[in-house]
Amino acid sequence: MMCASAPLIAQTLNSPDAALSTPDAPVPANDEEIGFAADQLEYDNNTDVVTATGNVQMLREGNRLRADKVVWHRQTGQVEASGNVSVIDAEGNIAYGDQLEVTDTLKDGIVQNMLIVLQQGGRLAAEKGNRTNGVYYLDHAVYSACKVEDSEGCPKEPTWQIKAVKVIYNPDRQRVTYRGARIEIFGLPLIPLPGLSHPVGDQGGTGLLVPSLRYDRVNGAEMSLPYYVKLAPNSDLTITPHVYSDALPMLQGNYRALHGKGAYQITGYATYGSRIPANAAVAPDSQRDFRGYFDASGKFQLDPEWSISSSIRVASDRTFMRRYDISREDRLRSTIQAERIGEDSYFSIAGWAAQTLRTNDIQGQVPVALPVIDYRLRLADPVLGGRIQLQANSLAITRTEGQDTQRAFAGFQWDLRKLTGMGQEITFTTYLRGDVYHTDETDLTRTVIYRGDEGWHARGIAAAAVDVRWPFIGEAFGGTQRITPRVQIVASPHLANMKVPNEDSRSVDLDDSNLFALNRFSGYDRFEDSTRITYGFEYQVDRKDLSLDAVVGQSYRLNSRSTILPEGTGLASRTSDIVGRTTVRYKDFIALTHRYRVDKDNLAVRRNEIDATVGTKKTYVMAGYLRLNRNASSDIEDLRDREEIRLGGRLQVTRFISVFGSTVINLTGQKEDPLTSADGYEPVRHRLGVAYQDDCLELGVTWRRDYQATGDARRGNSFLLRLAFRNLGI
């Protein structure tokens with residue numbers, strides 16, 4: 001293989017042609033002895049000098065030396081080595097050089113044209129270097145953790161390297177310190193680094209991290225410079241000041257700790273700046289106040305079964321997170337939970353609270369749940385066979401400006417699965433539950449069907465179900481085909497659903513995931529009280545590189561009594577809408593999922609959802625489309641209609657360079673939602689960027705435009721510069 005001429009520094013950072021072989025010298029019995037081997041030895045009795053030539057190898061105190069020629073002055077202890085010199089110290093670092101002068105301990109000495117290949121990763125090269133008490137001192141040196149050979153094994157310029165007048169490497173501390181340093185990227189000297197010091201390998205150490213640069217319309221130009229403090233092997237602290245051209249500075253801190261039974265982290269942001277209310281139509285007079293965000297979370301595994309976890313998330317106001325681009329969530333949830341998971345049992349006692357960041361929400365109407373208790377026990381049925389699950393659950397919800405609810409129930413479920421001689425799979429289910437509710441201040445709940453009646457109420461639930469599946473499997477289309485008709489019958493008597501409040505079952509929508517569920521409501525507060533038959537079929541075909549999986553079905557309610565399921569859910573009439581899902585996969589190149597709901601009367605598409613990915617891991621296109629046309633009452637806020645499209649993709653232009661982008665467009669108009677102010681084509685967010693990434697450098701520029709404004713989180717453009725030196729160890 002012929003390699004083109006390479007830059008001098010790349011040749012310097014490359015290993016010599018002669019690899020360091022495993023020494024054949026005998027291992028010394030103690031640190032005072034020297035293991036010695038060579039092709040030829042000459043000894044001068046008058047001067048007490050040993051001259052060894054040809055594959056010379058010396059061992060002492062864990063240090064190993066190899067060279068073409070070694071002259072050992074026994075009286076002074078001086079060792080002179082030349083020709084393909086290489087030394088391995090006790091830490092595993094390899095030092096190469098043209099000439100070496102070292103003591104017979106093989107620890108201290110001077111090397112000309114020195115190259116050190118670090119055990120923890122990275123290379124140091126210098127015109128001259130010496131080692132004293134195990135510490136390397138290099139003159140006019142360069143360090144890089146990048147590859148210095150291309151895919152064909154030819155020398156190449158490292159992507160980045162640090163050049164310095166003086167470099168000190170301490171193997172005990174695993175740290176490199178520079179004087180007069182500057183960093184070069186793609187051979188261009190870009191950034192001076194006075195006082196630079198960093199650890200080698202992936203252990204990390206105290207020091208400055210890579211700064212980040214960005215620009216947006218609200219805060220102007222931003223520079224953040226993280227400072228990392230390694231407090232202990234199991235804990236660290238990162239302090240990041242954020243400096244803006246159009247806003248006061250902000251300070252960010254993150255503390256992490258890992259212990260034998262768990263880990264936790266604490267993150268905080270703090271600034272003193274102007275604040276605009278989330279629902280302000282115009283900017284008010286400038287008013288400065290403390291603003292910030294606090295986030296702490298952790299989990300501890302006390303023993304194999306018991307664990308404790310918690311999280312606290314709170315912001316000073318509703319627009320802080322968006323203004324400083326920390327998060328675009330619309331609520332912050334804080335939780336605490338103690339959990340026991342046994343082989344056949346589960347117990348949890350928890351609590352949670354949420355801070356709303358939505359513009360029009362009233363914080364006093366957001367619930368606080370404490371306690372939330374759930375216990376489940378699985379048992380084998382000793383009489384009929386099958387499995388029994390017992391459950392006990394309680395919940396207390398409190399609002400400072402809204403309805404309060406307390407709930408407790410105990411439940412029993414029995415499932416028995418049988419296979420017939422003809423191949424049918426039959427599952428029998430029995431479900432019994434007793435509920436107790438108490439609620440007050442129901443008039444503070446705006447939606448009437450969610451209120452329930454004030455005071456104490458009890459409710460009994462009973463349901464029985466038979467689910468029959470009959471799979472037919474055979475060869476087809478060059479693969480395996482499976483067609484599975486499915487029929488389910490569920491019977492449940494009329495329940496006093498409307499007498500109890502609805503806290504956890506408000507979002508109900510018929511789809512393929514709950515078509516055959518015992519209860520199509522998402523929570524416990526509502527239970528589908530009807531006798532119904534659900535029918536459909538599943539289809540699956542698998543070839544070597546292609547698979548197709550589909551399900552479609554519908555349900556029919558046998559009794560004619562009125563239902564508690566509201567219009568727009570697909571379940572309000574005796575005959576439900578038709579729902580289905582189709583998933584197609586071709587190798588790892590194409591993945592397509594289509595979910596739909598079709599009106600059983602006029603075949604109007606009430607739900608149309610498509611998620612598709614085409615391409616490889618490096619070059620791909622993602623597309624998502626959702627249209628909800630439920631035709632529901634506008635009084636029910638959980639069933640609002642919408643339409644949107646999401647597009648994203650990445651194009652790998654070269655081996656290391658890629659272009660990426662994404663967009664979200666709100667297609668909702670008054671046809672879908674009469675209460676919306678959108679015009680049917682309203683961009684939400686665009687993003688476009690270019691990135692470079694190889695084995696040791698990540699460099700990228702991203703442009704983003706937001707079209708929605710909330711308070712002082714205004715719409716506009718943002719630019720982010722990302723620069724990360726991989727394997728730098730800081």
# chains A, B, ... in the order shown; residues from 1 in each chain; ligands from 1

$ residues_around --residues "Thr177 of chain A" --least-positions-apart "4" --cutoff "9 Å" --atoms "only C-alpha atoms" --output "list in words"
Lys166, Val167, Ile168, Tyr169, Asn170, Gly195, Leu196, Ser197, His198 and Pro199 of chain A

$ residues_around --residues "segment 620-634 of chain A" --least-positions-apart "4" --cutoff "10 Å" --atoms "only C-alpha atoms" --output "PyMOL selection string"
chain A and resi 509+566-570+589-599+604-616+638-652+660-668+671-675

$ select_by_dssp --residues "segment 329-499 of chain A" --states "helix (DSSP H, G or I)" --output "list in words"
Gln363, Gly364, Gln365, Thr442, Asp443, Leu444, Val448, Ile449, Tyr450, Asn497, Met498 and Lys499 of chain A

$ write_last_selection --atoms "all heavy atoms" --output "CSV table (one decimal), in the first residue's frame"
chain,number,residue,atom,x,y,z
A,363,GLN,N,-53.9,27.9,38.1
A,363,GLN,CA,-53.1,27.0,38.9
A,363,GLN,C,-53.9,26.4,40.0
A,363,GLN,O,-53.7,25.2,40.3
A,363,GLN,CB,-51.9,27.8,39.4
A,363,GLN,CG,-51.0,26.9,40.3
A,363,GLN,CD,-50.3,25.8,39.5
A,363,GLN,OE1,-49.8,26.0,38.4
A,363,GLN,NE2,-50.4,24.6,40.0
A,364,GLY,N,-54.9,27.1,40.6
A,364,GLY,CA,-55.6,26.6,41.7
A,364,GLY,C,-56.6,25.5,41.3
A,364,GLY,O,-57.0,24.7,42.1
A,365,GLN,N,-56.8,25.3,40.0
A,365,GLN,CA,-57.6,24.2,39.5
A,365,GLN,C,-56.8,23.0,39.1
A,365,GLN,O,-57.4,21.9,38.6
A,365,GLN,CB,-58.5,24.6,38.3
A,365,GLN,CG,-59.6,25.7,38.8
A,365,GLN,CD,-60.5,26.1,37.6
A,365,GLN,OE1,-60.3,25.6,36.5
A,365,GLN,NE2,-61.5,26.9,37.9
A,442,THR,N,-68.2,20.7,43.7
A,442,THR,CA,-68.3,20.3,42.3
A,442,THR,C,-68.7,21.4,41.4
A,442,THR,O,-68.4,21.3,40.2
A,442,THR,CB,-69.4,19.2,42.2
A,442,THR,OG1,-70.6,19.7,42.7
A,442,THR,CG2,-69.0,17.9,43.0
A,443,ASP,N,-69.3,22.5,41.9
A,443,ASP,CA,-69.7,23.5,41.0
A,443,ASP,C,-68.5,24.3,40.4
A,443,ASP,O,-68.6,25.1,39.5
A,443,ASP,CB,-70.6,24.5,41.7
A,443,ASP,CG,-70.0,25.1,43.0
A,443,ASP,OD1,-69.1,24.4,43.6
A,443,ASP,OD2,-70.3,26.2,43.4
A,444,LEU,N,-67.3,24.0,41.0
A,444,LEU,CA,-66.1,24.7,40.5
A,444,LEU,C,-65.5,24.0,39.3
A,444,LEU,O,-64.5,24.4,38.7
A,444,LEU,CB,-65.0,24.8,41.6
A,444,LEU,CG,-65.4,25.6,42.8
A,444,LEU,CD1,-64.3,25.6,43.8
A,444,LEU,CD2,-65.7,27.1,42.4
A,448,VAL,N,-69.8,19.7,33.1
A,448,VAL,CA,-70.7,19.1,33.9
A,448,VAL,C,-70.5,17.6,34.0
A,448,VAL,O,-70.7,17.0,35.1
A,448,VAL,CB,-72.2,19.4,33.4
A,448,VAL,CG1,-73.2,18.7,34.3
A,448,VAL,CG2,-72.4,20.9,33.4
A,449,ILE,N,-70.2,16.9,32.9
A,449,ILE,CA,-70.1,15.4,33.0
A,449,ILE,C,-68.9,14.9,33.8
A,449,ILE,O,-68.8,13.7,34.0
A,449,ILE,CB,-70.1,14.9,31.5
A,449,ILE,CG1,-68.8,15.3,30.8
A,449,ILE,CG2,-71.3,15.2,30.8
A,449,ILE,CD1,-68.7,14.6,29.5
A,450,TYR,N,-68.1,15.9,34.2
A,450,TYR,CA,-66.9,15.5,35.0
A,450,TYR,C,-67.2,15.6,36.5
A,450,TYR,O,-66.4,15.2,37.3
A,450,TYR,CB,-65.7,16.3,34.6
A,450,TYR,CG,-65.2,16.1,33.2
A,450,TYR,CD1,-64.4,17.1,32.6
A,450,TYR,CD2,-65.5,15.0,32.5
A,450,TYR,CE1,-63.9,16.9,31.3
A,450,TYR,CE2,-65.0,14.8,31.2
A,450,TYR,CZ,-64.3,15.8,30.6
A,450,TYR,OH,-63.8,15.6,29.3
A,497,ASN,N,-72.4,5.6,37.0
A,497,ASN,CA,-71.2,6.3,36.7
A,497,ASN,C,-71.3,7.8,36.9
A,497,ASN,O,-70.3,8.4,37.4
A,497,ASN,CB,-70.9,6.0,35.2
A,497,ASN,CG,-70.1,4.8,34.9
A,497,ASN,OD1,-69.0,4.6,35.4
A,497,ASN,ND2,-70.7,3.8,34.2
A,498,MET,N,-72.4,8.4,36.6
A,498,MET,CA,-72.5,9.9,36.7
A,498,MET,C,-72.6,10.4,38.1
A,498,MET,O,-72.5,11.6,38.3
A,498,MET,CB,-73.7,10.4,35.8
A,498,MET,CG,-73.6,9.9,34.4
A,498,MET,SD,-72.0,10.4,33.6
A,498,MET,CE,-72.1,12.1,33.6
A,499,LYS,N,-72.8,9.5,39.1
A,499,LYS,CA,-72.9,10.0,40.4
A,499,LYS,C,-71.5,10.3,41.0
A,499,LYS,O,-71.3,10.9,42.1
A,499,LYS,CB,-73.6,9.0,41.3
A,499,LYS,CG,-75.1,8.9,41.0
A,499,LYS,CD,-75.8,8.0,42.0
A,499,LYS,CE,-77.3,8.0,41.7
A,499,LYS,NZ,-77.9,9.3,42.0

$ residues_around --residues "Met321 of chain A" --least-positions-apart "3" --cutoff "10 Å" --atoms "only C-alpha atoms" --output "list of chain:residue names"
A:Tyr269, A:Arg291, A:Gly292, A:Tyr293, A:Ala315, A:Ser316, A:Asp317, A:Arg318, A:Tyr324, A:Asp325, A:Ile326, A:Ser327, A:Arg328, A:Glu329, A:Asp330, A:Leu357, A:Ala713

$ select_by_dssp --residues "segment 72-122 of chain A" --states "strand (DSSP E or B)" --output "JSON, numbers by chain"
{"A": [72, 73, 78, 79, 80, 81, 82, 83, 84, 85, 86, 87, 88, 94, 95, 96, 97, 98, 99, 100, 101, 102, 103, 109, 110, 111, 112, 113, 114, 115, 116, 117]}

$ write_last_selection --atoms "N, CA and C atoms" --output "mmCIF file, in the first residue's frame"
data_model
loop_
_atom_site.group_PDB
_atom_site.id
_atom_site.type_symbol
_atom_site.label_atom_id
_atom_site.label_comp_id
_atom_site.auth_asym_id
_atom_site.auth_seq_id
_atom_site.Cartn_x
_atom_site.Cartn_y
_atom_site.Cartn_z
ATOM 1 N N TRP A 72 24.952 0.625 28.718
ATOM 2 C CA TRP A 72 24.630 0.719 30.149
ATOM 3 C C TRP A 72 25.904 0.957 30.944
ATOM 4 N N HIS A 73 26.017 2.152 31.531
ATOM 5 C CA HIS A 73 27.139 2.490 32.395
ATOM 6 C C HIS A 73 26.779 2.050 33.811
ATOM 7 N N GLN A 78 23.707 5.135 34.269
ATOM 8 C CA GLN A 78 23.189 5.805 33.086
ATOM 9 C C GLN A 78 22.980 4.781 31.972
ATOM 10 N N VAL A 79 21.822 4.887 31.311
ATOM 11 C CA VAL A 79 21.492 4.017 30.193
ATOM 12 C C VAL A 79 21.237 4.882 28.971
ATOM 13 N N GLU A 80 21.957 4.565 27.866
ATOM 14 C CA GLU A 80 21.776 5.292 26.611
ATOM 15 C C GLU A 80 21.212 4.315 25.593
ATOM 16 N N ALA A 81 20.053 4.653 25.056
ATOM 17 C CA ALA A 81 19.399 3.788 24.079
ATOM 18 C C ALA A 81 19.230 4.538 22.773
ATOM 19 N N SER A 82 19.333 3.816 21.667
ATOM 20 C CA SER A 82 19.174 4.433 20.347
ATOM 21 C C SER A 82 18.595 3.413 19.388
ATOM 22 N N GLY A 83 17.915 3.942 18.366
ATOM 23 C CA GLY A 83 17.342 3.081 17.341
ATOM 24 C C GLY A 83 16.036 2.440 17.750
ATOM 25 N N ASN A 84 14.911 2.973 17.239
ATOM 26 C CA ASN A 84 13.582 2.418 17.536
ATOM 27 C C ASN A 84 13.365 2.236 19.034
ATOM 28 N N VAL A 85 13.621 3.305 19.767
ATOM 29 C CA VAL A 85 13.516 3.250 21.210
ATOM 30 C C VAL A 85 12.040 3.295 21.625
ATOM 31 N N SER A 86 11.685 2.464 22.572
ATOM 32 C CA SER A 86 10.331 2.485 23.126
ATOM 33 C C SER A 86 10.389 2.057 24.582
ATOM 34 N N VAL A 87 9.608 2.750 25.414
ATOM 35 C CA VAL A 87 9.567 2.481 26.846
ATOM 36 C C VAL A 87 8.108 2.411 27.288
ATOM 37 N N ILE A 88 7.774 1.389 28.057
ATOM 38 C CA ILE A 88 6.447 1.287 28.668
ATOM 39 C C ILE A 88 6.612 1.493 30.163
ATOM 40 N N ILE A 94 3.181 4.353 26.589
ATOM 41 C CA ILE A 94 4.311 3.976 25.741
ATOM 42 C C ILE A 94 4.983 5.237 25.234
ATOM 43 N N ALA A 95 6.301 5.347 25.456
ATOM 44 C CA ALA A 95 7.078 6.482 24.978
ATOM 45 C C ALA A 95 8.041 6.000 23.909
ATOM 46 N N TYR A 96 7.977 6.666 22.721
ATOM 47 C CA TYR A 96 8.876 6.362 21.631
ATOM 48 C C TYR A 96 9.856 7.524 21.470
ATOM 49 N N GLY A 97 11.020 7.240 20.916
ATOM 50 C CA GLY A 97 11.981 8.297 20.659
ATOM 51 C C GLY A 97 13.128 7.820 19.795
ATOM 52 N N ASP A 98 13.917 8.801 19.281
ATOM 53 C CA ASP A 98 15.104 8.459 18.498
ATOM 54 C C ASP A 98 16.258 8.073 19.406
ATOM 55 N N GLN A 99 16.444 8.855 20.467
ATOM 56 C CA GLN A 99 17.508 8.591 21.424
ATOM 57 C C GLN A 99 16.954 8.776 22.833
ATOM 58 N N LEU A 100 17.472 7.980 23.757
ATOM 59 C CA LEU A 100 16.984 8.022 25.127
ATOM 60 C C LEU A 100 18.154 7.945 26.084
ATOM 61 N N GLU A 101 18.154 8.857 27.048
ATOM 62 C CA GLU A 101 19.080 8.785 28.170
ATOM 63 C C GLU A 101 18.247 8.636 29.429
ATOM 64 N N VAL A 102 18.466 7.515 30.144
ATOM 65 C CA VAL A 102 17.609 7.200 31.267
ATOM 66 C C VAL A 102 18.445 6.527 32.349
ATOM 67 N N THR A 103 17.987 6.616 33.597
ATOM 68 C CA THR A 103 18.662 5.901 34.681
ATOM 69 C C THR A 103 18.311 4.428 34.594
ATOM 70 N N GLY A 109 14.616 10.202 32.709
ATOM 71 C CA GLY A 109 15.539 10.336 31.599
ATOM 72 C C GLY A 109 15.089 11.387 30.622
ATOM 73 N N ILE A 110 15.873 11.516 29.522
ATOM 74 C CA ILE A 110 15.628 12.507 28.475
ATOM 75 C C ILE A 110 15.486 11.774 27.153
ATOM 76 N N VAL A 111 14.452 12.199 26.346
ATOM 77 C CA VAL A 111 14.173 11.574 25.056
ATOM 78 C C VAL A 111 14.160 12.653 23.982
ATOM 79 N N GLN A 112 14.829 12.384 22.861
ATOM 80 C CA GLN A 112 14.797 13.269 21.714
ATOM 81 C C GLN A 112 13.703 12.810 20.750
ATOM 82 N N ASN A 113 12.956 13.800 20.174
ATOM 83 C CA ASN A 113 11.874 13.501 19.226
ATOM 84 C C ASN A 113 10.917 12.476 19.847
ATOM 85 N N MET A 114 10.259 12.882 20.908
ATOM 86 C CA MET A 114 9.506 11.979 21.773
ATOM 87 C C MET A 114 8.043 11.856 21.349
ATOM 88 N N LEU A 115 7.525 10.647 21.425
ATOM 89 C CA LEU A 115 6.098 10.369 21.221
ATOM 90 C C LEU A 115 5.611 9.510 22.377
ATOM 91 N N ILE A 116 4.511 9.946 23.043
ATOM 92 C CA ILE A 116 3.905 9.178 24.132
ATOM 93 C C ILE A 116 2.511 8.756 23.691
ATOM 94 N N VAL A 117 2.268 7.465 23.685
ATOM 95 C CA VAL A 117 0.934 6.916 23.420
ATOM 96 C C VAL A 117 0.328 6.574 24.777
#

$ closest_residue --among "A:Asp68, A:Arg358, A:Arg74, A:Ala491" --to "Asn45 of chain A" --atoms "only C-alpha atoms"
A:Arg74

$ atom_distance --atom1 "atom CA of Asn502 of chain A" --atom2 "atom CA of Thr575 of chain A"
24.4 Å

$ residues_around --residues "Glu698 of chain A" --least-positions-apart "3" --cutoff "7 Å" --atoms "only C-alpha atoms" --output "list in words"
Tyr692, Gln693, Asp694, Leu723, Ala724 and Phe725 of chain A

$ write_last_selection --atoms "all heavy atoms" --output "CSV table (one decimal), in the first residue's frame"
chain,number,residue,atom,x,y,z
A,692,TYR,N,-20.9,18.4,11.4
A,692,TYR,CA,-19.7,17.6,11.1
A,692,TYR,C,-19.4,16.7,12.3
A,692,TYR,O,-19.4,17.2,13.5
A,692,TYR,CB,-18.5,18.5,10.8
A,692,TYR,CG,-17.2,17.7,10.7
A,692,TYR,CD1,-16.7,17.3,9.4
A,692,TYR,CD2,-16.4,17.4,11.8
A,692,TYR,CE1,-15.6,16.6,9.3
A,692,TYR,CE2,-15.2,16.7,11.6
A,692,TYR,CZ,-14.8,16.3,10.4
A,692,TYR,OH,-13.6,15.5,10.2
A,693,GLN,N,-19.2,15.4,12.1
A,693,GLN,CA,-18.9,14.5,13.3
A,693,GLN,C,-18.0,13.4,12.8
A,693,GLN,O,-18.3,12.7,11.8
A,693,GLN,CB,-20.2,13.9,13.8
A,693,GLN,CG,-20.0,13.0,15.0
A,693,GLN,CD,-21.3,12.5,15.5
A,693,GLN,OE1,-22.3,13.1,15.4
A,693,GLN,NE2,-21.3,11.3,16.2
A,694,ASP,N,-16.8,13.3,13.5
A,694,ASP,CA,-15.9,12.2,13.3
A,694,ASP,C,-15.6,11.6,14.6
A,694,ASP,O,-16.4,11.7,15.6
A,694,ASP,CB,-14.7,12.6,12.5
A,694,ASP,CG,-13.9,13.7,13.3
A,694,ASP,OD1,-14.1,13.8,14.5
A,694,ASP,OD2,-13.0,14.3,12.7
A,723,LEU,N,-20.0,22.9,19.4
A,723,LEU,CA,-18.6,22.5,19.2
A,723,LEU,C,-18.2,21.6,20.4
A,723,LEU,O,-18.3,22.0,21.6
A,723,LEU,CB,-17.7,23.7,19.2
A,723,LEU,CG,-16.2,23.4,19.1
A,723,LEU,CD1,-15.9,22.6,17.8
A,723,LEU,CD2,-15.3,24.7,19.2
A,724,ALA,N,-17.9,20.3,20.1
A,724,ALA,CA,-17.6,19.4,21.2
A,724,ALA,C,-16.4,18.6,20.8
A,724,ALA,O,-16.3,18.0,19.7
A,724,ALA,CB,-18.8,18.4,21.5
A,725,PHE,N,-15.4,18.6,21.7
A,725,PHE,CA,-14.2,17.8,21.4
A,725,PHE,C,-14.3,16.5,22.1
A,725,PHE,O,-14.2,16.4,23.4
A,725,PHE,CB,-12.9,18.6,22.0
A,725,PHE,CG,-12.7,19.9,21.3
A,725,PHE,CD1,-13.2,21.1,22.0
A,725,PHE,CD2,-12.1,20.0,20.1
A,725,PHE,CE1,-13.0,22.3,21.4
A,725,PHE,CE2,-12.0,21.2,19.5
A,725,PHE,CZ,-12.4,22.4,20.1

$ residues_around --residues "Tyr431 of chain A" --least-positions-apart "4" --cutoff "6 Å" --atoms "only C-alpha atoms" --output "VMD selection string"
chain A and resid 412 to 413 462 to 463

$ write_last_selection --atoms "N, CA, C and O atoms" --output "compact mmCIF listing (two decimals), in the first residue's frame"
# COMPACT_ATOMS: atom_id res chain seq x y z
N PHE A 412 -61.20 -7.46 41.97
CA PHE A 412 -60.88 -8.87 41.77
C PHE A 412 -61.00 -9.15 40.28
O PHE A 412 -61.99 -8.78 39.63
N GLN A 413 -59.97 -9.81 39.70
CA GLN A 413 -60.03 -10.20 38.29
C GLN A 413 -59.51 -11.62 38.14
O GLN A 413 -58.46 -11.98 38.69
N ALA A 462 -69.33 -4.96 37.99
CA ALA A 462 -69.20 -6.38 37.65
C ALA A 462 -69.14 -6.49 36.13
O ALA A 462 -69.86 -5.79 35.41
N ALA A 463 -68.27 -7.34 35.65
CA ALA A 463 -68.15 -7.55 34.21
C ALA A 463 -67.65 -8.96 33.97
O ALA A 463 -66.88 -9.52 34.76

$ atom_distance --atom1 "atom CA of Tyr244 of chain A" --atom2 "atom CA of Val218 of chain A"
9.8 Å

$ closest_residue --among "A:Arg322, A:Leu188, A:Thr429, A:Gln40" --to "Ala709 of chain A" --atoms "only C-alpha atoms"
A:Arg322

$ closest_residue --among "A:Thr159, A:Asp525, A:His494, A:Val653" --to "Arg451 of chain A" --atoms "only C-alpha atoms"
A:Asp525

$ residues_around --residues "Asp549 of chain A" --least-positions-apart "6" --cutoff "12 Å" --atoms "only C-alpha atoms" --output "number ranges by chain"
A: 480-484, 537-543, 580-586, 591-595

$ closest_residue --among "A:Cys696, A:Leu720, A:Ser348, A:Glu401" --to "Phe186 of chain A" --atoms "only C-alpha atoms"
A:Cys696

$ atom_distance --atom1 "atom CA of Arg275 of chain A" --atom2 "atom CA of Asn219 of chain A"
12.6 Å
